[in-house]
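Data block for protein36.cif (mmCIF, C-alpha atoms):
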```
data_final
#
loop_
_atom_site.label_atom_id
_atom_site.label_comp_id
_atom_site.auth_asym_id
_atom_site.auth_seq_id
_atom_site.Cartn_x
_atom_site.Cartn_y
_atom_site.Cartn_z
CA MET A 1 -42.16 36.79 -115.25
CA PRO A 2 -42.61 33.08 -114.44
CA LYS A 3 -40.76 31.79 -111.43
CA ASN A 4 -40.73 28.13 -112.41
CA LYS A 5 -37.84 27.58 -114.81
CA GLY A 6 -37.59 23.81 -114.24
CA LYS A 7 -36.91 21.18 -116.84
CA GLY A 8 -40.43 19.97 -117.47
CA GLY A 9 -42.73 19.53 -120.39
CA LYS A 10 -43.33 16.81 -122.93
CA ASN A 11 -40.08 17.38 -124.82
CA LYS A 12 -38.08 16.56 -121.70
CA LYS A 13 -40.07 13.38 -121.12
CA ARG A 14 -39.72 12.31 -124.76
CA GLY A 15 -35.93 12.11 -124.65
CA LYS A 16 -35.67 9.63 -121.76
CA ASN A 17 -34.42 6.13 -122.48
CA GLU A 18 -33.96 4.72 -119.02
CA ALA A 19 -34.05 1.01 -119.83
CA ASP A 20 -31.66 1.22 -122.79
CA ASP A 21 -28.43 0.78 -120.87
CA GLU A 22 -28.92 -2.25 -118.68
CA LYS A 23 -29.43 -5.85 -119.74
CA ARG A 24 -32.64 -7.39 -118.53
CA GLU A 25 -33.45 -10.97 -117.70
CA LEU A 26 -35.04 -13.04 -120.46
CA ILE A 27 -38.70 -13.67 -119.68
CA PHE A 28 -40.32 -16.86 -120.94
CA LYS A 29 -44.05 -17.43 -121.43
CA GLU A 30 -46.23 -18.84 -118.65
CA ASP A 31 -49.77 -20.21 -118.53
CA GLY A 32 -52.18 -17.87 -120.24
CA GLN A 33 -49.42 -16.21 -122.30
CA GLU A 34 -48.21 -16.70 -125.85
CA TYR A 35 -45.45 -15.42 -128.13
CA ALA A 36 -46.58 -13.43 -131.17
CA GLN A 37 -45.21 -11.50 -134.13
CA VAL A 38 -46.77 -8.17 -135.03
CA GLN A 39 -48.44 -8.25 -138.47
CA ARG A 40 -49.64 -4.65 -138.64
CA MET A 41 -50.20 -1.64 -136.45
CA LEU A 42 -53.78 -0.43 -136.24
CA GLY A 43 -53.47 2.76 -134.19
CA ASN A 44 -55.23 3.69 -130.97
CA GLY A 45 -52.87 1.44 -129.00
CA ARG A 46 -53.76 -1.72 -130.91
CA CYS A 47 -52.02 -4.10 -133.28
CA GLU A 48 -52.74 -7.30 -135.14
CA ALA A 49 -50.39 -10.16 -134.25
CA GLN A 50 -49.90 -13.74 -135.39
CA CYS A 51 -49.48 -15.93 -132.31
CA THR A 52 -47.31 -19.04 -132.25
CA ASP A 53 -50.38 -21.21 -131.67
CA GLY A 54 -51.56 -20.27 -135.18
CA THR A 55 -54.24 -17.72 -134.19
CA LYS A 56 -54.31 -14.14 -135.44
CA ARG A 57 -55.32 -11.86 -132.57
CA LEU A 58 -56.15 -8.21 -132.04
CA CYS A 59 -53.74 -7.04 -129.34
CA HIS A 60 -54.12 -4.09 -127.03
CA ILE A 61 -50.95 -2.27 -125.89
CA ARG A 62 -51.23 -1.76 -122.16
CA GLY A 63 -51.00 1.70 -120.62
CA LYS A 64 -47.62 1.10 -118.96
CA MET A 65 -46.07 0.54 -122.40
CA HIS A 66 -48.08 3.15 -124.28
CA LYS A 67 -45.78 5.93 -125.66
CA LYS A 68 -42.80 4.42 -123.80
CA VAL A 69 -42.12 1.18 -125.68
CA TRP A 70 -42.46 1.54 -129.44
CA ILE A 71 -43.77 -1.54 -131.21
CA ALA A 72 -43.29 -1.94 -134.97
CA VAL A 73 -44.23 -4.52 -137.59
CA ASP A 74 -42.35 -7.87 -137.31
CA ASP A 75 -41.47 -7.32 -133.63
CA ILE A 76 -41.70 -10.32 -131.30
CA ILE A 77 -44.02 -9.67 -128.36
CA LEU A 78 -45.41 -11.57 -125.39
CA VAL A 79 -49.20 -11.40 -125.16
CA GLY A 80 -51.55 -12.30 -122.34
CA LEU A 81 -54.52 -14.33 -123.53
CA ARG A 82 -58.04 -13.52 -122.39
CA ASP A 83 -60.27 -16.24 -120.97
CA TYR A 84 -63.45 -14.69 -122.31
CA GLN A 85 -62.23 -13.54 -125.77
CA ASP A 86 -60.02 -15.86 -127.80
CA ASP A 87 -59.54 -13.41 -130.69
CA LYS A 88 -58.16 -10.61 -128.46
CA ALA A 89 -55.04 -10.36 -126.29
CA ASP A 90 -53.00 -7.83 -124.31
CA VAL A 91 -49.36 -6.96 -125.05
CA ILE A 92 -47.29 -7.66 -121.95
CA LEU A 93 -43.73 -7.30 -123.22
CA LYS A 94 -41.77 -6.43 -126.35
CA TYR A 95 -38.61 -8.45 -126.90
CA MET A 96 -35.45 -6.69 -128.08
CA PRO A 97 -33.81 -8.18 -131.22
CA ASP A 98 -31.10 -9.99 -129.25
CA GLU A 99 -33.70 -11.42 -126.87
CA ALA A 100 -35.76 -12.66 -129.84
CA ARG A 101 -32.68 -14.41 -131.25
CA LEU A 102 -32.12 -16.07 -127.87
CA LEU A 103 -35.75 -17.25 -127.80
CA LYS A 104 -35.29 -18.79 -131.22
CA ALA A 105 -32.03 -20.43 -130.12
CA TYR A 106 -33.81 -21.92 -127.08
CA LYS A 107 -36.49 -23.33 -129.46
CA GLU A 108 -39.21 -21.25 -127.79
CA LEU A 109 -40.20 -19.72 -131.13
CA PRO A 110 -41.12 -21.94 -134.10
CA ASP A 111 -38.92 -22.04 -137.20
CA ASN A 112 -41.52 -20.36 -139.44
CA ILE A 113 -41.13 -17.03 -137.58
CA ARG A 114 -38.65 -14.80 -139.40
CA LEU A 115 -36.79 -12.40 -137.21
CA ASN A 116 -36.05 -8.92 -138.51
CA GLU A 117 -32.25 -9.20 -138.69
CA GLY A 118 -31.75 -5.81 -140.34
CA LEU A 119 -29.86 -5.05 -143.55
CA GLY A 120 -28.17 -7.98 -145.20
CA ALA A 121 -30.65 -10.56 -143.96
CA GLY A 122 -31.74 -13.05 -146.59
CA PHE A 123 -29.03 -12.26 -149.11
CA ASP A 124 -27.73 -15.43 -150.74
CA GLU A 125 -24.78 -15.04 -153.06
CA ASP A 126 -24.74 -16.90 -156.35
CA GLU A 127 -21.65 -17.88 -158.36
CA HIS A 128 -20.93 -14.24 -159.31
CA GLY A 129 -20.91 -13.10 -155.71
CA PHE A 130 -24.05 -10.99 -156.06
CA ALA A 131 -27.40 -11.54 -154.43
CA ASP A 132 -30.36 -12.46 -156.63
CA ASN A 133 -32.38 -9.41 -155.63
CA CYS A 134 -29.59 -6.85 -156.13
CA VAL A 135 -28.97 -4.69 -159.18
CA GLU A 136 -25.56 -4.82 -160.80
CA PHE A 137 -24.37 -1.59 -162.44
CA GLU A 138 -21.76 -1.27 -165.15
CA ASP A 139 -18.60 0.69 -164.46
CA ASP A 140 -18.55 2.48 -167.81
CA ILE A 141 -19.79 6.03 -167.04
CA ASP A 142 -18.64 7.48 -170.40
CA ARG A 143 -21.28 5.45 -172.24
CA ILE A 144 -24.08 7.30 -170.47
#
```
Written as structure tokens, how would this file's structure read?
Amino acid sequence: MPKNKGKGGKNKKRGKNEADDEKRELIFKEDGQEYAQVQRMLGNGRCEAQCTDGTKRLCHIRGKMHKKVWIAVDDIILVGLRDYQDDKADVILKYMPDEARLLKAYKELPDNIRLNEGLGAGFDEDEHGFADNCVEFEDDIDRI
């Protein structure tokens, strides 16, 4: 019979979201850092990101963030540039959606970066009140 009946194991660690509750201070870029938008995830703790200076870089997710902060496509991240490799960078921070909107409001991010606003983003209504990329169904079920 095992004596240790503590609450350990990987399933216990997986459920923790410690930083979810509190608001954190907005961090701006410094020398040797750049804002970027994730283009695609490559696996093995790496991603491909389009930086605001116009360069596409291979970014490495640092160990402190690995398996704790989940990065997805179209997320806004802060990367640390390398002096010796211009085509590679290190992910320092992932911005939450509200922080990314604040960065865009402060004109830190260029206008060509589209933020992932969720459902309903990009829907423009025409004169009928429907979006161009929506399907309109008829109400007559008896005809089917």
For the structure shown, which residues end up in the PyMOL selection byres ((chain A and resi 28) around 12)? Put them as an NGL selection string, please? :A and (25-27 or 29-35 or 77-79 or 92-95 or 99-100 or 102-104 or 106-109)
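If you look at CA of Gly54 (chain A) and CA of Leu42 (chain A), they are 20.0 Å away from each other.
Reported to one decimal place, the separation of CA of Arg24 (chain A) from CA of Cys47 (chain A) is 24.6 Å.
Straight-line separation from CA of Val91 (chain A) to CA of Ile61 (chain A): 5.0 Å.
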Please provide the set of residues having any atom within 10 Å of Arg114 (chain A), restricted to only C-alpha atoms, with same-chain residues fewer than 6 positions apart removed, written as a PyMOL selection string. chain A and resi 37+74-76+104
Residues as selected, C-alpha atoms, written as a PDB file, keeping the file's coordinate frame, can you do that?
```pdb
ATOM      1  CA  GLN A  37     -45.210 -11.500-134.130  1.00  0.00           C
ATOM      2  CA  ASP A  74     -42.350  -7.870-137.310  1.00  0.00           C
ATOM      3  CA  ASP A  75     -41.470  -7.320-133.630  1.00  0.00           C
ATOM      4  CA  ILE A  76     -41.700 -10.320-131.300  1.00  0.00           C
ATOM      5  CA  LYS A 104     -35.290 -18.790-131.220  1.00  0.00           C
TER       6      LYS A 104
END
```
To verify the selection step, state as JSON, numbers by chain which residues the PyMOL selection byres ((chain A and resi 48) around 6) yields on this input. {"A": [39, 40, 47, 49, 57, 58, 59]}
Using all atoms of region 86-100 of chain A that appear in the file, construct an axis-aligned enclosing box with 4 Å of padding on every side and provide its centre coordinates and edge lengths in Å, rounded to one decimal, as JSON.
```
{"center_x": -45.6, "center_y": -11.1, "center_z": -126.6, "size_x": 36.9, "size_y": 17.4, "size_z": 17.3}
```
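Using only C-alpha atoms, the shortest contact distance between Leu115 (chain A) and any of A:Ala89, A:Met41, A:Ile71, A:Met96 is found at A:Met96.
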